[in-house]
file my_file28.cif (mmCIF, C-alpha atoms and all ligand atoms)
data_work
#
loop_
_atom_site.label_atom_id
_atom_site.label_comp_id
_atom_site.auth_asym_id
_atom_site.auth_seq_id
_atom_site.Cartn_x
_atom_site.Cartn_y
_atom_site.Cartn_z
CA MET A 1 68.73 -13.01 -5.76
CA THR A 2 67.73 -16.29 -7.39
CA SER A 3 65.47 -17.75 -4.74
CA ILE A 4 63.48 -16.64 -1.76
CA THR A 5 61.86 -18.66 1.01
CA VAL A 6 59.03 -17.25 3.09
CA ARG A 7 56.71 -18.56 5.75
CA LYS A 8 53.72 -20.08 3.95
CA PRO A 9 51.18 -17.26 3.38
CA ASP A 10 47.56 -16.93 4.43
CA ASP A 11 44.87 -15.47 2.20
CA PHE A 12 42.51 -13.39 4.30
CA HIS A 13 39.93 -12.89 1.54
CA ASN A 14 39.16 -15.64 -0.95
CA HIS A 15 36.11 -16.79 -2.90
CA LEU A 16 36.07 -20.57 -3.12
CA ARG A 17 32.62 -20.85 -4.76
CA GLN A 18 30.74 -24.16 -4.95
CA GLY A 19 30.55 -27.44 -6.84
CA GLU A 20 33.20 -28.45 -9.35
CA MET A 21 34.69 -24.95 -9.41
CA MET A 22 35.20 -25.16 -5.63
CA THR A 23 37.26 -28.31 -6.01
CA HIS A 24 39.66 -26.62 -8.45
CA LEU A 25 39.89 -23.47 -6.36
CA VAL A 26 40.64 -25.30 -3.11
CA LYS A 27 43.45 -27.27 -4.80
CA GLU A 28 44.99 -24.16 -6.34
CA THR A 29 44.73 -22.24 -3.07
CA ALA A 30 46.39 -25.10 -1.17
CA LYS A 31 49.45 -24.86 -3.44
CA VAL A 32 50.14 -21.33 -2.24
CA PHE A 33 48.46 -20.75 1.11
CA ALA A 34 48.39 -22.56 4.44
CA ARG A 35 45.10 -20.97 5.50
CA THR A 36 42.39 -19.04 3.78
CA ASN A 37 39.42 -16.99 4.81
CA VAL A 38 36.41 -18.23 2.89
CA MET A 39 33.94 -15.62 1.70
CA PRO A 40 30.28 -16.43 2.34
CA ASN A 41 28.65 -14.98 -0.81
CA THR A 42 27.70 -18.37 -2.17
CA LEU A 43 24.22 -19.14 -3.54
CA PRO A 44 22.48 -19.47 -1.16
CA PRO A 45 24.78 -17.55 1.21
CA ILE A 46 26.36 -18.83 4.41
CA ARG A 47 23.83 -17.40 6.84
CA ASN A 48 23.90 -19.54 9.96
CA ALA A 49 25.84 -22.20 11.85
CA GLU A 50 24.27 -25.00 9.84
CA ASP A 51 25.21 -23.47 6.47
CA LEU A 52 28.71 -22.81 7.74
CA THR A 53 29.26 -26.36 8.96
CA LYS A 54 27.94 -27.84 5.71
CA TYR A 55 30.17 -25.60 3.56
CA HIS A 56 33.17 -26.33 5.77
CA GLU A 57 32.60 -30.08 5.34
CA GLU A 58 32.43 -29.69 1.55
CA LEU A 59 35.66 -27.70 1.53
CA LYS A 60 37.50 -30.23 3.72
CA ALA A 61 36.21 -33.11 1.59
CA VAL A 62 38.33 -31.86 -1.32
CA GLY A 63 41.17 -33.44 0.61
CA THR A 64 43.96 -30.86 0.80
CA ASP A 65 45.86 -29.63 3.86
CA LEU A 66 44.50 -26.11 3.38
CA GLU A 67 42.93 -24.77 6.56
CA PHE A 68 39.65 -22.89 6.18
CA LEU A 69 38.86 -19.81 8.24
CA MET A 70 35.11 -19.75 7.89
CA THR A 71 32.97 -16.64 7.65
CA PHE A 72 29.24 -15.98 7.57
CA LYS A 73 27.29 -13.30 5.79
CA VAL A 74 26.05 -10.49 8.02
CA MET A 75 22.57 -9.84 6.65
CA PRO A 76 19.63 -7.72 7.84
CA GLU A 77 18.23 -10.82 9.51
CA THR A 78 21.48 -11.84 11.26
CA SER A 79 20.36 -11.57 14.88
CA PRO A 80 22.57 -11.35 18.01
CA GLU A 81 21.10 -14.70 19.09
CA MET A 82 22.65 -16.43 16.04
CA ILE A 83 26.20 -15.36 16.87
CA PRO A 84 27.18 -17.83 19.66
CA ALA A 85 26.21 -20.81 17.45
CA LEU A 86 28.22 -19.37 14.54
CA LYS A 87 31.23 -18.98 16.81
CA ALA A 88 30.79 -22.53 18.11
CA ALA A 89 30.62 -23.80 14.50
CA GLY A 90 34.08 -22.33 13.93
CA ALA A 91 33.39 -18.93 12.37
CA VAL A 92 36.27 -16.45 12.65
CA ALA A 93 34.46 -13.52 11.05
CA GLY A 94 31.24 -12.14 9.62
CA LYS A 95 31.24 -10.38 6.27
CA LEU A 96 28.96 -7.46 5.58
CA TYR A 97 28.07 -6.39 2.05
CA PRO A 98 26.09 -3.19 1.63
CA LEU A 99 22.94 -3.78 -0.40
CA GLY A 100 23.54 -4.08 -4.14
CA VAL A 101 27.24 -3.28 -4.02
CA THR A 102 28.73 -6.31 -5.80
CA THR A 103 28.30 -9.95 -6.88
CA HIS A 104 25.49 -11.65 -4.93
CA SER A 105 24.76 -8.70 -2.65
CA GLU A 106 21.06 -8.37 -3.48
CA ASP A 107 20.54 -9.56 0.10
CA GLY A 108 23.02 -7.03 1.51
CA VAL A 109 22.58 -4.46 4.25
CA ALA A 110 20.85 -1.10 3.74
CA ASP A 111 20.72 -0.03 7.40
CA ILE A 112 24.05 -0.73 9.11
CA GLU A 113 23.01 0.81 12.43
CA ALA A 114 20.15 -1.66 12.74
CA LEU A 115 22.85 -4.34 13.06
CA PHE A 116 24.62 -2.74 16.02
CA PRO A 117 23.17 -5.33 18.46
CA THR A 118 24.62 -8.04 16.21
CA PHE A 119 28.02 -6.28 16.21
CA GLN A 120 27.82 -6.22 20.02
CA ALA A 121 27.27 -9.98 20.03
CA MET A 122 30.19 -10.44 17.61
CA LEU A 123 32.39 -8.38 19.92
CA GLU A 124 31.38 -10.55 22.89
CA GLU A 125 32.25 -13.69 20.91
CA ASP A 126 35.53 -12.11 19.73
CA LEU A 127 34.59 -12.38 16.06
CA VAL A 128 36.04 -10.13 13.36
CA LEU A 129 33.77 -7.94 11.23
CA CYS A 130 34.83 -7.87 7.57
CA LEU A 131 33.42 -4.96 5.59
CA HIS A 132 32.93 -4.51 1.89
CA GLY A 133 33.43 -0.77 2.26
CA GLU A 134 31.57 0.85 -0.58
CA VAL A 135 28.44 2.95 -0.85
CA PRO A 136 26.49 1.77 -3.86
CA GLY A 137 25.27 4.33 -6.33
CA GLU A 138 28.19 6.73 -5.96
CA ASP A 139 30.71 7.26 -8.77
CA ALA A 140 32.73 4.00 -8.85
CA LEU A 141 35.97 5.81 -8.01
CA LYS A 142 34.39 7.47 -4.96
CA ARG A 143 32.32 4.62 -3.52
CA GLU A 144 34.97 3.54 -1.04
CA GLU A 145 35.77 7.04 0.18
CA ALA A 146 32.03 7.59 0.69
CA PHE A 147 31.93 4.56 2.99
CA LEU A 148 34.70 5.73 5.34
CA PRO A 149 32.40 7.81 7.61
CA LYS A 150 30.37 4.62 8.17
CA LEU A 151 33.54 2.77 9.15
CA GLN A 152 34.39 5.60 11.56
CA ALA A 153 30.88 5.41 13.06
CA ILE A 154 31.07 1.65 13.66
CA HIS A 155 34.54 2.02 15.17
CA LYS A 156 33.34 4.85 17.43
CA ASN A 157 30.47 2.74 18.74
CA PHE A 158 32.56 -0.45 19.04
CA PRO A 159 36.17 0.62 19.61
CA GLN A 160 37.16 -2.93 20.65
CA LEU A 161 35.50 -4.72 17.72
CA ARG A 162 38.12 -5.96 15.27
CA ILE A 163 37.19 -4.74 11.79
CA VAL A 164 38.86 -5.41 8.45
CA LEU A 165 38.18 -2.95 5.66
CA GLU A 166 38.39 -5.51 2.88
CA HIS A 167 40.24 -4.88 -0.38
CA ALA A 168 41.30 -1.32 0.45
CA SER A 169 41.64 0.42 -2.89
CA SER A 170 42.04 4.15 -2.31
CA LYS A 171 44.43 6.65 -0.77
CA ALA A 172 41.54 7.89 1.37
CA ALA A 173 41.01 4.40 2.79
CA VAL A 174 44.72 3.95 3.53
CA GLU A 175 44.78 7.23 5.44
CA ALA A 176 41.57 6.45 7.32
CA VAL A 177 42.73 2.99 8.42
CA LYS A 178 46.11 4.36 9.52
CA SER A 179 44.41 7.08 11.56
CA MET A 180 42.11 4.77 13.52
CA GLY A 181 42.82 2.50 16.48
CA ASP A 182 44.56 -0.86 16.27
CA SER A 183 41.24 -2.71 16.09
CA ILE A 184 40.91 -1.46 12.50
CA SER A 185 42.93 -3.03 9.70
CA ALA A 186 42.70 -3.50 5.94
CA SER A 187 43.23 -6.35 3.56
CA VAL A 188 44.98 -5.51 0.29
CA THR A 189 44.68 -7.45 -2.97
CA VAL A 190 47.34 -8.12 -5.56
CA HIS A 191 45.33 -6.51 -8.34
CA HIS A 192 44.83 -3.21 -6.50
CA LEU A 193 48.62 -3.01 -6.09
CA VAL A 194 49.09 -3.53 -9.83
CA LEU A 195 46.20 -2.08 -11.87
CA THR A 196 44.63 1.33 -12.31
CA ILE A 197 41.28 2.31 -13.79
CA GLU A 198 42.95 2.65 -17.21
CA ASP A 199 43.62 -1.09 -17.22
CA VAL A 200 39.88 -1.67 -16.83
CA GLN A 201 37.98 0.91 -18.83
CA ASP A 202 38.59 3.62 -21.43
CA SER A 203 38.16 7.33 -20.77
CA ALA A 204 34.50 7.14 -21.85
CA GLY A 205 33.88 4.56 -19.14
CA SER A 206 33.46 1.55 -21.37
CA ILE A 207 35.12 -1.63 -20.11
CA HIS A 208 37.89 -2.78 -22.42
CA HIS A 209 39.30 -5.49 -20.15
CA PRO A 210 36.48 -7.45 -18.48
CA HIS A 211 38.98 -9.72 -16.70
CA HIS A 212 40.27 -6.67 -14.83
CA LEU A 213 36.86 -5.63 -13.57
CA CYS A 214 36.39 -6.05 -9.84
CA MET A 215 34.60 -4.34 -6.95
CA PRO A 216 35.91 -2.06 -5.64
CA ILE A 217 37.20 -0.97 -9.04
CA CYS A 218 40.93 -0.34 -9.45
CA LYS A 219 41.48 3.38 -9.10
CA THR A 220 43.99 6.12 -9.98
CA ASP A 221 47.75 6.01 -9.98
CA ALA A 222 47.76 8.06 -6.75
CA ASP A 223 45.53 5.47 -5.08
CA ARG A 224 47.71 2.60 -6.26
CA LYS A 225 50.83 4.43 -5.03
CA ALA A 226 49.31 4.97 -1.61
CA LEU A 227 48.57 1.24 -1.34
CA GLN A 228 52.04 0.28 -2.53
CA GLU A 229 53.71 2.73 -0.14
CA VAL A 230 51.85 1.55 2.93
CA VAL A 231 52.44 -2.12 2.09
CA PHE A 232 56.12 -1.66 1.24
CA SER A 233 56.61 0.31 4.45
CA GLY A 234 55.70 -2.81 6.43
CA HIS A 235 52.65 -1.30 8.12
CA HIS A 236 51.17 -3.93 10.43
CA LYS A 237 47.55 -2.94 9.71
CA PHE A 238 47.75 -3.89 6.03
CA PHE A 239 47.90 -7.55 5.04
CA LEU A 240 47.21 -9.80 2.07
CA GLY A 241 43.65 -10.76 1.19
CA THR A 242 43.59 -11.54 -2.52
CA ASP A 243 39.83 -11.28 -3.10
CA SER A 244 40.48 -13.89 -5.77
CA ALA A 245 37.02 -14.13 -7.34
CA PRO A 246 36.74 -16.25 -10.48
CA HIS A 247 33.94 -16.08 -13.00
CA SER A 248 33.83 -18.16 -16.18
CA ARG A 249 35.35 -16.71 -19.34
CA GLU A 250 31.94 -17.07 -20.92
CA LYS A 251 30.27 -14.77 -18.37
CA LYS A 252 33.19 -12.35 -18.27
CA GLU A 253 33.23 -11.86 -22.04
CA ALA A 254 29.49 -11.79 -22.74
CA GLY A 255 28.89 -8.08 -22.01
CA HIS A 256 27.99 -6.73 -18.55
CA PRO A 257 30.84 -8.72 -17.01
CA PRO A 258 30.50 -9.77 -13.38
CA ALA A 259 33.08 -8.25 -11.03
CA GLY A 260 35.95 -10.42 -9.85
CA ILE A 261 39.54 -11.31 -10.77
CA TYR A 262 41.03 -14.77 -10.35
CA THR A 263 44.48 -14.17 -8.85
CA THR A 264 45.29 -17.20 -6.68
CA PRO A 265 47.81 -18.91 -9.04
CA VAL A 266 49.82 -15.73 -9.66
CA ALA A 267 49.41 -13.89 -6.37
CA LEU A 268 52.72 -14.82 -4.81
CA PRO A 269 54.91 -14.54 -7.95
CA VAL A 270 53.38 -11.16 -8.82
CA LEU A 271 53.86 -9.87 -5.27
CA THR A 272 57.46 -11.06 -5.18
CA GLU A 273 58.14 -9.20 -8.43
CA LEU A 274 56.51 -6.04 -7.07
CA PHE A 275 58.36 -6.10 -3.76
CA GLU A 276 61.63 -6.85 -5.56
CA GLU A 277 61.20 -3.94 -7.97
CA ALA A 278 60.60 -1.65 -5.01
CA GLY A 279 63.69 -2.99 -3.21
CA LYS A 280 61.42 -4.22 -0.41
CA LEU A 281 61.73 -8.00 -0.59
CA ASP A 282 62.50 -7.93 3.13
CA GLN A 283 58.88 -6.81 3.76
CA LEU A 284 57.19 -9.50 1.66
CA GLU A 285 56.84 -12.15 4.34
CA ALA A 286 55.27 -9.87 6.93
CA PHE A 287 52.63 -8.78 4.42
CA THR A 288 51.79 -12.28 3.18
CA SER A 289 52.33 -14.37 6.29
CA GLN A 290 52.41 -12.39 9.52
CA PHE A 291 50.34 -9.21 9.90
CA GLY A 292 47.06 -10.92 8.99
CA ALA A 293 47.59 -13.81 11.39
CA ASP A 294 48.50 -11.35 14.14
CA PHE A 295 45.32 -9.36 13.55
CA TYR A 296 43.20 -12.53 13.56
CA GLN A 297 45.08 -13.66 16.68
CA ILE A 298 46.09 -17.01 15.23
CA PRO A 299 49.59 -18.53 15.34
CA LEU A 300 52.00 -18.02 12.46
CA ASN A 301 52.35 -20.93 10.06
CA ASP A 302 55.29 -23.31 10.54
CA SER A 303 55.71 -24.38 6.92
CA GLN A 304 57.55 -22.44 4.25
CA ILE A 305 57.31 -21.87 0.52
CA GLU A 306 60.15 -21.24 -1.91
CA LEU A 307 60.08 -19.08 -5.01
CA VAL A 308 62.79 -19.28 -7.64
CA LYS A 309 63.73 -16.69 -10.22
CA GLU A 310 62.63 -18.57 -13.29
CA SER A 311 60.37 -17.21 -15.99
CA TRP A 312 57.10 -18.95 -16.82
CA ILE A 313 54.00 -18.15 -18.81
CA VAL A 314 50.67 -17.94 -17.01
CA SER A 315 47.96 -20.24 -18.45
CA GLU A 316 45.49 -18.63 -20.83
CA GLU A 317 42.68 -20.45 -19.10
CA MET A 318 42.16 -22.70 -16.08
CA PHE A 319 38.93 -24.67 -15.67
CA GLY A 320 37.09 -22.17 -17.87
CA VAL A 321 38.45 -19.13 -16.01
CA VAL A 322 40.94 -16.59 -17.36
CA PRO A 323 43.44 -15.97 -14.54
CA PHE A 324 45.08 -12.63 -13.81
CA ARG A 325 48.09 -12.07 -16.12
CA ALA A 326 46.91 -14.86 -18.48
CA GLY A 327 49.44 -15.55 -21.23
CA GLU A 328 51.99 -13.17 -19.69
CA GLN A 329 55.52 -13.97 -18.56
CA LEU A 330 56.31 -13.75 -14.86
CA SER A 331 59.82 -13.80 -13.45
CA TRP A 332 59.26 -15.63 -10.13
CA LYS A 333 57.90 -19.12 -9.86
CA ILE A 334 56.77 -21.22 -6.92
CA SER A 335 59.23 -24.11 -6.81
O1 LIG B 1 35.10 -8.15 -7.56
C1 LIG B 1 34.46 -8.72 -6.71
N1 LIG B 1 34.05 -10.00 -6.87
N2 LIG B 1 34.15 -8.08 -5.58
C2 LIG B 1 33.33 -8.61 -4.66
O2 LIG B 1 33.08 -7.98 -3.67
C3 LIG B 1 32.69 -9.93 -4.89
C4 LIG B 1 33.49 -10.74 -5.80
C5 LIG B 1 32.78 -11.99 -6.28
O3 LIG B 1 32.21 -12.72 -5.48
O4 LIG B 1 32.80 -12.24 -7.50
ZN ZN B 2 35.52 -10.54 -2.21
#

call {"tool": "encode", "arguments": {"input": "my_file28.cif", "output": "structure tokens"}}
result
Amino acid sequence: MTSITVRKPDDFHNHLRQGEMMTHLVKETAKVFARTNVMPNTLPPIRNAEDLTKYHEELKAVGTDLEFLMTFKVMPETSPEMIPALKAAGAVAGKLYPLGVTTHSEDGVADIEALFPTFQAMLEEDLVLCLHGEVPGEDALKREEAFLPKLQAIHKNFPQLRIVLEHASSKAAVEAVKSMGDSISASVTVHHLVLTIEDVQDSAGSIHHPHHLCMPICKTDADRKALQEVVFSGHHKFFLGTDSAPHSREKKEAGHPPAGIYTTPVALPVLTELFEEAGKLDQLEAFTSQFGADFYQIPLNDSQIELVKESWIVSEEMFGVVPFRAGEQLSWKIS
């Protein structure tokens, strides 16, 4: 096959940051995606309807045709009373970060049950709950698995509440999401389908590739296989959310690298290569452009995007950020 055309994808998990960086990221995202969820872990975070509207205006002012699916941060102080205004401001989802689990989560949630009244309000407003599903403090490879009982507990209390376990990264998570009701789904990143822990750190636990460090950390070969299998099988509960999360080269390479991998510019070519190698190109479009929209109950995109089989070399650096696969040759290119 020398070319493939798919419905234009949506990214259901993307960090668009702020300021000058935001402008670059919006433009790059618009080249690949029709719509994108926008993560709320800015500084300060997107906490209320006013923050959300202001951020949305800034994103639109970049002047692309990318559509923004806005989210707010579910924090200890996010009260049920705040939810109707957030919905009215255009929010599609609230994102919950457990306390101290990742970048900018110092204001995260320690007591999830205390937020049950807020989840009830989100259910009544038909908002999606997006979860960073990790328990901080556990061994990095086990943090996600340790969170799954909490996911089960929320689902048991709110069986109708639509929940996305963001960036599913383990076999345990794949099995848990499959076993629960249809209100539970998972987003899957490109990097968790490609990397394992060995691509990030050596056997002594020291990080040898800071640009591969993300939260949740990429795990074992068995975990990666479980993710690949469920995605290649065309399972409707698993859809693309890149968690593209750029940090400057300077910060990434200065020791104690922040977590996050910038994947937007290579996401679709890398996925096409992966699906092709697995003989599953026929499942690509559903993963990138259908299952997520169905879960979010939004119409499928009308436009299309074409990839051609033509090798190209990924930039070493873009606006001070080292993208995923920098300097490497990829075999599919967006035409
Ligand atoms: O790797 C990550 N980077 N994981 C997150 O949860 C946050 C993100 C970021 O904002 O940099
Ligand atoms: Zn993220």

call {"tool": "residues_near_ligand", "arguments": {"input": "my_file28.cif", "ligand": "ligand LIG 1 (chain B)", "cutoff": "7 Å", "atoms": "all atoms listed in the file", "output": "MDAnalysis selection string"}}
result
chainID A and resid 15 41 102:104 132 213:216 243 245:247 258:261

call {"tool": "closest_residue", "arguments": {"input": "my_file28.cif", "among": "A:His56, A:Gln120, A:Ile112, A:Gly181", "to": "Lys150 (chain A)", "atoms": "all atoms listed in the file"}}
result
A:Ile112

call {"tool": "closest_residue", "arguments": {"input": "my_file28.cif", "among": "A:Ser187, A:Thr5, A:Ser170, A:Asn48", "to": "ligand ZN 2 (chain B)", "atoms": "all atoms listed in the file"}}
result
A:Ser187

call {"tool": "residues_near_point", "arguments": {"input": "my_file28.cif", "point": "(27.3, 3.1, -3.9)", "cutoff": "12 Å", "atoms": "only C-alpha atoms", "output": "PyMOL selection string"}}
result
chain A and resi 97-102+110+132-147+215-217

call {"tool": "residues_around", "arguments": {"input": "my_file28.cif", "residues": "Gly90 (chain A)", "least_positions_apart": "5", "cutoff": "10 Å", "atoms": "only C-alpha atoms", "output": "PyMOL selection string"}}
result
chain A and resi 49+52-53+56+68-71+85

call {"tool": "atom_distance", "arguments": {"input": "my_file28.cif", "atom1": "CA of Ser311 (chain A)", "atom2": "CA of Trp332 (chain A)"}}
result
6.2 Å

call {"tool": "closest_residue", "arguments": {"input": "my_file28.cif", "among": "A:Val188, A:Val270, A:Leu161, A:Ala121", "to": "ligand ZN 2 (chain B)", "atoms": "only C-alpha atoms and all ligand atoms"}}
result
A:Val188

call {"tool": "residues_around", "arguments": {"input": "my_file28.cif", "residues": "region 72-74 of chain A", "least_positions_apart": "5", "cutoff": "8 Å", "atoms": "only C-alpha atoms", "output": "list in words"}}
result
Met39, Pro40, Asn41, Pro45, Ile46, Arg47, Asn48, Leu52, Leu86, Ala91, Ala93, Gly94, Lys95, Leu96, Tyr97, Gly108 and Val109 of chain A

call {"tool": "residues_around", "arguments": {"input": "my_file28.cif", "residues": "Met318 (chain A)", "least_positions_apart": "3", "cutoff": "12 Å", "atoms": "all atoms listed in the file", "output": "MDAnalysis selection string"}}
result
chainID A and resid 21 24:25 28 246:249 262:265 314:315 321:324 326:327

call {"tool": "closest_residue", "arguments": {"input": "my_file28.cif", "among": "A:Leu274, A:Leu43, A:Ile207, A:Val38", "to": "ligand ZN 2 (chain B)", "atoms": "all atoms listed in the file"}}
result
A:Val38

call {"tool": "closest_residue", "arguments": {"input": "my_file28.cif", "among": "A:Glu306, A:Glu198, A:Glu58, A:Glu166", "to": "ligand ZN 2 (chain B)", "atoms": "all atoms listed in the file"}}
result
A:Glu166

call {"tool": "residues_around", "arguments": {"input": "my_file28.cif", "residues": "Phe232 (chain A)", "least_positions_apart": "2", "cutoff": "10 Å", "atoms": "only C-alpha atoms", "output": "list in words"}}
result
Ala226, Leu227, Gln228, Glu229, Val230, Gly234, His235, Phe238, Leu274, Phe275, Ala278, Gly279, Lys280, Leu281, Asp282, Gln283, Leu284 and Phe287 of chain A

call {"tool": "residues_near_point", "arguments": {"input": "my_file28.cif", "point": "(25.3, -23.3, -4.2)", "cutoff": "9 Å", "atoms": "only C-alpha atoms", "output": "PyMOL selection string"}}
result
chain A and resi 17-19+42-45

call {"tool": "atom_distance", "arguments": {"input": "my_file28.cif", "atom1": "CA of Arg7 (chain A)", "atom2": "CA of Phe33 (chain A)"}}
result
9.7 Å

call {"tool": "decode", "arguments": {"input": "my_file28.cif", "residues": "region 137-164 of chain A", "atoms": "C-alpha atoms", "output": "PDB file, in the first residue's frame"}}
result
ATOM      1  CA  GLY A 137       4.281   6.726  46.105  1.00  0.00           C
ATOM      2  CA  GLU A 138       3.959   3.179  44.804  1.00  0.00           C
ATOM      3  CA  ASP A 139       6.659   1.590  42.640  1.00  0.00           C
ATOM      4  CA  ALA A 140       6.372   3.405  39.275  1.00  0.00           C
ATOM      5  CA  LEU A 141       5.509   0.179  37.448  1.00  0.00           C
ATOM      6  CA  LYS A 142       2.693  -0.608  39.896  1.00  0.00           C
ATOM      7  CA  ARG A 143       1.134   2.826  40.398  1.00  0.00           C
ATOM      8  CA  GLU A 144      -1.563   2.333  37.782  1.00  0.00           C
ATOM      9  CA  GLU A 145      -2.530  -1.150  38.928  1.00  0.00           C
ATOM     10  CA  ALA A 146      -2.796   0.212  42.483  1.00  0.00           C
ATOM     11  CA  PHE A 147      -5.328   2.787  41.267  1.00  0.00           C
ATOM     12  CA  LEU A 148      -7.718   0.282  39.658  1.00  0.00           C
ATOM     13  CA  PRO A 149      -9.685  -0.466  42.866  1.00  0.00           C
ATOM     14  CA  LYS A 150     -10.394   3.282  43.096  1.00  0.00           C
ATOM     15  CA  LEU A 151     -11.689   3.251  39.524  1.00  0.00           C
ATOM     16  CA  GLN A 152     -13.896   0.273  40.402  1.00  0.00           C
ATOM     17  CA  ALA A 153     -15.221   2.121  43.470  1.00  0.00           C
ATOM     18  CA  ILE A 154     -16.139   5.257  41.498  1.00  0.00           C
ATOM     19  CA  HIS A 155     -17.799   3.134  38.814  1.00  0.00           C
ATOM     20  CA  LYS A 156     -19.753   1.185  41.439  1.00  0.00           C
ATOM     21  CA  ASN A 157     -21.072   4.385  42.991  1.00  0.00           C
ATOM     22  CA  PHE A 158     -21.743   6.085  39.635  1.00  0.00           C
ATOM     23  CA  PRO A 159     -22.418   3.333  37.087  1.00  0.00           C
ATOM     24  CA  GLN A 160     -23.792   5.861  34.570  1.00  0.00           C
ATOM     25  CA  LEU A 161     -20.937   8.371  34.872  1.00  0.00           C
ATOM     26  CA  ARG A 162     -18.737   8.244  31.780  1.00  0.00           C
ATOM     27  CA  ILE A 163     -15.127   7.808  32.880  1.00  0.00           C
ATOM     28  CA  VAL A 164     -11.940   7.705  30.823  1.00  0.00           C
TER      29      VAL A 164
END
